[in-house]
Amino acid sequence: MAEKFKFGIVGCGLIAPHHAESILAGSNSKLVAVCDIIEEKAREFAEKYNLEKYYTDYRQMIDEAGMDIVCVCTPSGNHGEIAVYAANAGKHLLVEKPIETTREKMDEIIRAVKKNNVKMNSVFQIRTEPAFIAVKKAIEEGRFGDIILADAYLKSYRSQEYYDSADWRGKWELDGGGALMNQGIHGVDILLWLAGDVESVFARVGTKARNIEVEDTAVAMLKFKNGAFGIIEGTTSVYPGQPKKFEIHGKKGSVVIGEKGIEVWQIEGNDEEKAPQLHKNGDDTANDPGKFALTSHLILVEDLTEAIENDRRPLIPPEEGRKAVDLILAIYESARTGKEIKLDWR
């Protein structure tokens, strides 16, 4: 068997163990290095995973540690500089959501990936859950008919202590946004993946309950390119956090996906048809951001190594990973200007 792909992780915070455990569980992957600007965090992480060396400078790690793939797990607003440096060094990438917080920085990532002929997966692991895959397939087959309405209800709870726990949380510079850009972005991505690209948006956002720069409450009205309408409600200000819910309604039927799986599956003329009994991540991330499976990123890790081996498109390349960010930025622009904003999808 060929030597396993070597991974390095930049950023040893909340999400890093999910990358590490998924790498260790992978059939063709191994963890060789970690980096954090806080030396104690890097050292403790390296000790936990029996690594010989840790770094406090990602450039040094990328240049010296002999890895093939870099996992970017730092605060959102510096994903771009790390990803571009790694791509220019010929390293493949697994980049946490959001891949970046501005259109310009996302453009830079995509250019670097293309220029250096490296592969990148964007981390939207919820796309890999069987319940969503089944719904996606049914929509593509036209089983629910042309989509009329597509809604996402993303109501989480994050305390003031959560935001105070790290100096980047709730700040525009490094968090890039709040309830939508950080907590709600997985749901925004899923809605786009299921219902299609958005043509325009009108939105209201505000900071209702927390002492932070960014929004803790947002409502957006969408018009999809396929003619459907939709709603996104995203918040971190409600107590307790509510299970995420997605509702897709077509001319022939409806489907509702809740926290534990498919709750409604009704197709006109086939009322006896049962919803597919497929699991969804039922962990309560509405109230605890770390409460999901440690190997949640395994499929994305495996897909990336296979994409490199077979020189194929990864599951969620950066061009796809940017779409949720583009929509969220349009929501912010609409709220700021009081106008409907049209999106120019790349």
# chains A, B, ... in the order shown; residues from 1 in each chain; ligands from 1
>>> residues_around(residues="Asp311 in chain A", least_positions_apart="2", cutoff="12 Å", atoms="only C-alpha atoms", output="list of chain:residue names")
A:His92, A:Asn117, A:Val118, A:Lys119, A:Met120, A:Asp303, A:Leu304, A:Thr305, A:Glu306, A:Ala307, A:Ile308, A:Glu309, A:Arg313, A:Pro314
>>> write_last_selection(atoms="C-alpha atoms", output="PDB file, in the first residue's frame")
ATOM      1  CA  HIS A  92      -3.876  20.504  -0.808  1.00  0.00           C
ATOM      2  CA  ASN A 117      -3.239  22.758  -9.381  1.00  0.00           C
ATOM      3  CA  VAL A 118      -4.090  21.655  -5.851  1.00  0.00           C
ATOM      4  CA  LYS A 119      -7.340  20.203  -4.501  1.00  0.00           C
ATOM      5  CA  MET A 120      -9.500  21.814  -1.823  1.00  0.00           C
ATOM      6  CA  ASP A 303     -13.058  12.317  -0.474  1.00  0.00           C
ATOM      7  CA  LEU A 304     -10.122  14.738  -0.603  1.00  0.00           C
ATOM      8  CA  THR A 305      -7.479  12.016  -0.588  1.00  0.00           C
ATOM      9  CA  GLU A 306      -9.379  10.106  -3.296  1.00  0.00           C
ATOM     10  CA  ALA A 307      -9.725  13.294  -5.374  1.00  0.00           C
ATOM     11  CA  ILE A 308      -5.957  13.795  -5.186  1.00  0.00           C
ATOM     12  CA  GLU A 309      -5.227  10.168  -6.098  1.00  0.00           C
ATOM     13  CA  ARG A 313     -13.102  17.276  -8.503  1.00  0.00           C
ATOM     14  CA  PRO A 314     -13.493  17.171  -4.695  1.00  0.00           C
TER      15      PRO A 314
END
>>> residues_around(residues="range 106-110 of chain A", least_positions_apart="3", cutoff="8 Å", atoms="only C-alpha atoms", output="VMD selection string")
chain A and resid 80 83 to 84 99 to 103 113 to 114 318 to 319 322
>>> select_by_dssp(residues="range 88-257 of chain A", states="strand (DSSP E or B)", output="MDAnalysis selection string")
chainID A and resid 92:95 120:122 147:155 157 198:206 217:224 229:235 237 245:250 253:257
>>> write_last_selection(atoms="C-alpha atoms", output="mmCIF file, in the first residue's frame")
data_model
loop_
_atom_site.group_PDB
_atom_site.id
_atom_site.type_symbol
_atom_site.label_atom_id
_atom_site.label_comp_id
_atom_site.auth_asym_id
_atom_site.auth_seq_id
_atom_site.Cartn_x
_atom_site.Cartn_y
_atom_site.Cartn_z
ATOM 1 C CA HIS A 92 -3.876 20.504 -0.808
ATOM 2 C CA LEU A 93 -6.492 21.996 1.501
ATOM 3 C CA LEU A 94 -9.364 21.200 3.846
ATOM 4 C CA VAL A 95 -10.744 24.584 4.911
ATOM 5 C CA MET A 120 -9.500 21.814 -1.823
ATOM 6 C CA ASN A 121 -12.575 20.659 0.085
ATOM 7 C CA SER A 122 -14.708 23.213 1.894
ATOM 8 C CA ILE A 147 -39.964 24.112 -5.932
ATOM 9 C CA ILE A 148 -42.283 26.869 -4.688
ATOM 10 C CA LEU A 149 -40.946 27.554 -1.185
ATOM 11 C CA ALA A 150 -37.632 26.692 0.502
ATOM 12 C CA ASP A 151 -37.005 27.771 4.086
ATOM 13 C CA ALA A 152 -34.307 27.367 6.741
ATOM 14 C CA TYR A 153 -34.898 27.969 10.455
ATOM 15 C CA LEU A 154 -31.551 28.221 12.234
ATOM 16 C CA LYS A 155 -32.238 29.250 15.835
ATOM 17 C CA TYR A 157 -28.302 29.881 21.582
ATOM 18 C CA VAL A 198 -30.472 32.671 -5.128
ATOM 19 C CA GLU A 199 -31.254 35.525 -7.499
ATOM 20 C CA SER A 200 -31.989 38.249 -4.931
ATOM 21 C CA VAL A 201 -32.482 38.854 -1.206
ATOM 22 C CA PHE A 202 -34.098 41.386 1.110
ATOM 23 C CA ALA A 203 -33.097 41.183 4.766
ATOM 24 C CA ARG A 204 -33.111 42.602 8.270
ATOM 25 C CA VAL A 205 -30.358 41.849 10.783
ATOM 26 C CA GLY A 206 -29.689 43.156 14.265
ATOM 27 C CA THR A 217 -30.614 37.857 14.872
ATOM 28 C CA ALA A 218 -31.395 37.845 11.141
ATOM 29 C CA VAL A 219 -34.349 37.326 8.809
ATOM 30 C CA ALA A 220 -33.986 37.184 5.028
ATOM 31 C CA MET A 221 -36.501 36.803 2.204
ATOM 32 C CA LEU A 222 -35.086 35.019 -0.845
ATOM 33 C CA LYS A 223 -35.970 34.736 -4.501
ATOM 34 C CA PHE A 224 -34.293 31.712 -6.055
ATOM 35 C CA PHE A 229 -39.355 32.015 -2.706
ATOM 36 C CA GLY A 230 -37.736 31.312 0.651
ATOM 37 C CA ILE A 231 -37.030 32.464 4.167
ATOM 38 C CA ILE A 232 -33.926 32.211 6.348
ATOM 39 C CA GLU A 233 -34.280 32.865 10.078
ATOM 40 C CA GLY A 234 -30.969 32.777 11.911
ATOM 41 C CA THR A 235 -30.197 33.675 15.491
ATOM 42 C CA SER A 237 -30.173 35.024 20.813
ATOM 43 C CA LYS A 245 -35.405 22.787 10.433
ATOM 44 C CA PHE A 246 -35.559 22.905 6.631
ATOM 45 C CA GLU A 247 -38.822 22.977 4.698
ATOM 46 C CA ILE A 248 -38.990 22.393 0.940
ATOM 47 C CA HIS A 249 -42.379 22.651 -0.796
ATOM 48 C CA GLY A 250 -42.937 21.793 -4.436
ATOM 49 C CA GLY A 253 -45.202 17.509 -2.475
ATOM 50 C CA SER A 254 -43.280 18.606 0.576
ATOM 51 C CA VAL A 255 -40.335 17.522 2.682
ATOM 52 C CA VAL A 256 -39.274 18.726 6.126
ATOM 53 C CA ILE A 257 -35.908 17.832 7.645
#
>>> atom_distance(atom1="CA of Met61 in chain A", atom2="CA of Val34 in chain A")
7.7 Å
>>> closest_atom_pairs(of="range 81-157 of chain A", to="range 265-274 of chain A", cutoff="10 Å", atoms="only C-alpha atoms", output="CSV")
residue,atom,partner,partner_atom,distance
A:Val135,CA,A:Trp265,CA,9.2
A:Arg143,CA,A:Ile267,CA,7.2
A:Phe144,CA,A:Ile267,CA,6.3
A:Gly145,CA,A:Ile267,CA,9.0
>>> closest_residue(among="A:Ile62, A:Val214, A:Ile37, A:Cys73", to="Leu14 in chain A", atoms="only C-alpha atoms")
A:Cys73
>>> closest_residue(among="A:Ile23, A:Ile133, A:Ala335, A:Val123", to="Glu302 in chain A", atoms="only C-alpha atoms")
A:Ile23
>>> select_by_dssp(residues="range 136-255 of chain A", states="helix (DSSP H, G or I)", output="PyMOL selection string")
chain A and resi 136-140+160-164+172-175+179-195
>>> write_last_selection(atoms="C-alpha atoms", output="CSV table (one decimal), in the first residue's frame")
chain,number,residue,atom,x,y,z
A,136,LYS,CA,-31.3,16.2,-2.7
A,137,LYS,CA,-31.7,13.1,-5.0
A,138,ALA,CA,-35.5,13.3,-4.8
A,139,ILE,CA,-35.5,17.0,-5.7
A,140,GLU,CA,-33.2,16.4,-8.6
A,160,GLN,CA,-22.3,36.2,26.3
A,161,GLU,CA,-19.7,33.9,28.0
A,162,TYR,CA,-19.3,32.1,24.7
A,163,TYR,CA,-18.5,35.3,22.8
A,164,ASP,CA,-16.2,36.5,25.6
A,172,TRP,CA,-16.3,41.7,12.2
A,173,GLU,CA,-12.6,41.5,11.5
A,174,LEU,CA,-12.1,37.8,12.2
A,175,ASP,CA,-15.6,36.3,12.7
A,179,ALA,CA,-25.6,34.2,13.7
A,180,LEU,CA,-25.4,33.6,10.0
A,181,MET,CA,-21.7,33.7,9.1
A,182,ASN,CA,-20.6,31.5,12.1
A,183,GLN,CA,-23.5,29.4,13.4
A,184,GLY,CA,-26.0,29.5,10.6
A,185,ILE,CA,-23.8,29.0,7.6
A,186,HIS,CA,-24.1,25.2,7.5
A,187,GLY,CA,-27.9,25.7,7.2
A,188,VAL,CA,-27.5,28.4,4.5
A,189,ASP,CA,-25.3,26.1,2.5
A,190,ILE,CA,-27.8,23.2,2.8
A,191,LEU,CA,-30.7,25.4,1.7
A,192,LEU,CA,-28.7,26.5,-1.4
A,193,TRP,CA,-27.6,22.9,-2.1
A,194,LEU,CA,-31.2,21.6,-2.0
A,195,ALA,CA,-33.1,24.5,-3.6
>>> residues_around(residues="range 42-48 of chain A", least_positions_apart="4", cutoff="10 Å", atoms="only C-alpha atoms", output="ChimeraX atom specification")
/A:9-13,16-17,20,31-38,52-56
>>> residues_around(residues="Met67 in chain A", least_positions_apart="6", cutoff="8 Å", atoms="only C-alpha atoms", output="list in words")
Phe5, Lys6, Phe7, Gly8, Val32, Ala33 and Lys91 of chain A
>>> closest_residue(among="A:Lys251, A:Asn78, A:Lys260, A:Ser159", to="Asp216 in chain A", atoms="only C-alpha atoms")
A:Ser159
>>> atom_distance(atom1="CA of Ile262 in chain A", atom2="CA of Glu129 in chain A")
11.4 Å
>>> closest_residue(among="A:Lys339, A:Glu96, A:Lys105, A:Gly196", to="Gly321 in chain A", atoms="only C-alpha atoms")
A:Glu96
>>> closest_residue(among="A:Lys97, A:Arg111, A:Lys323, A:Lys208", to="Gln125 in chain A", atoms="only C-alpha atoms")
A:Lys97
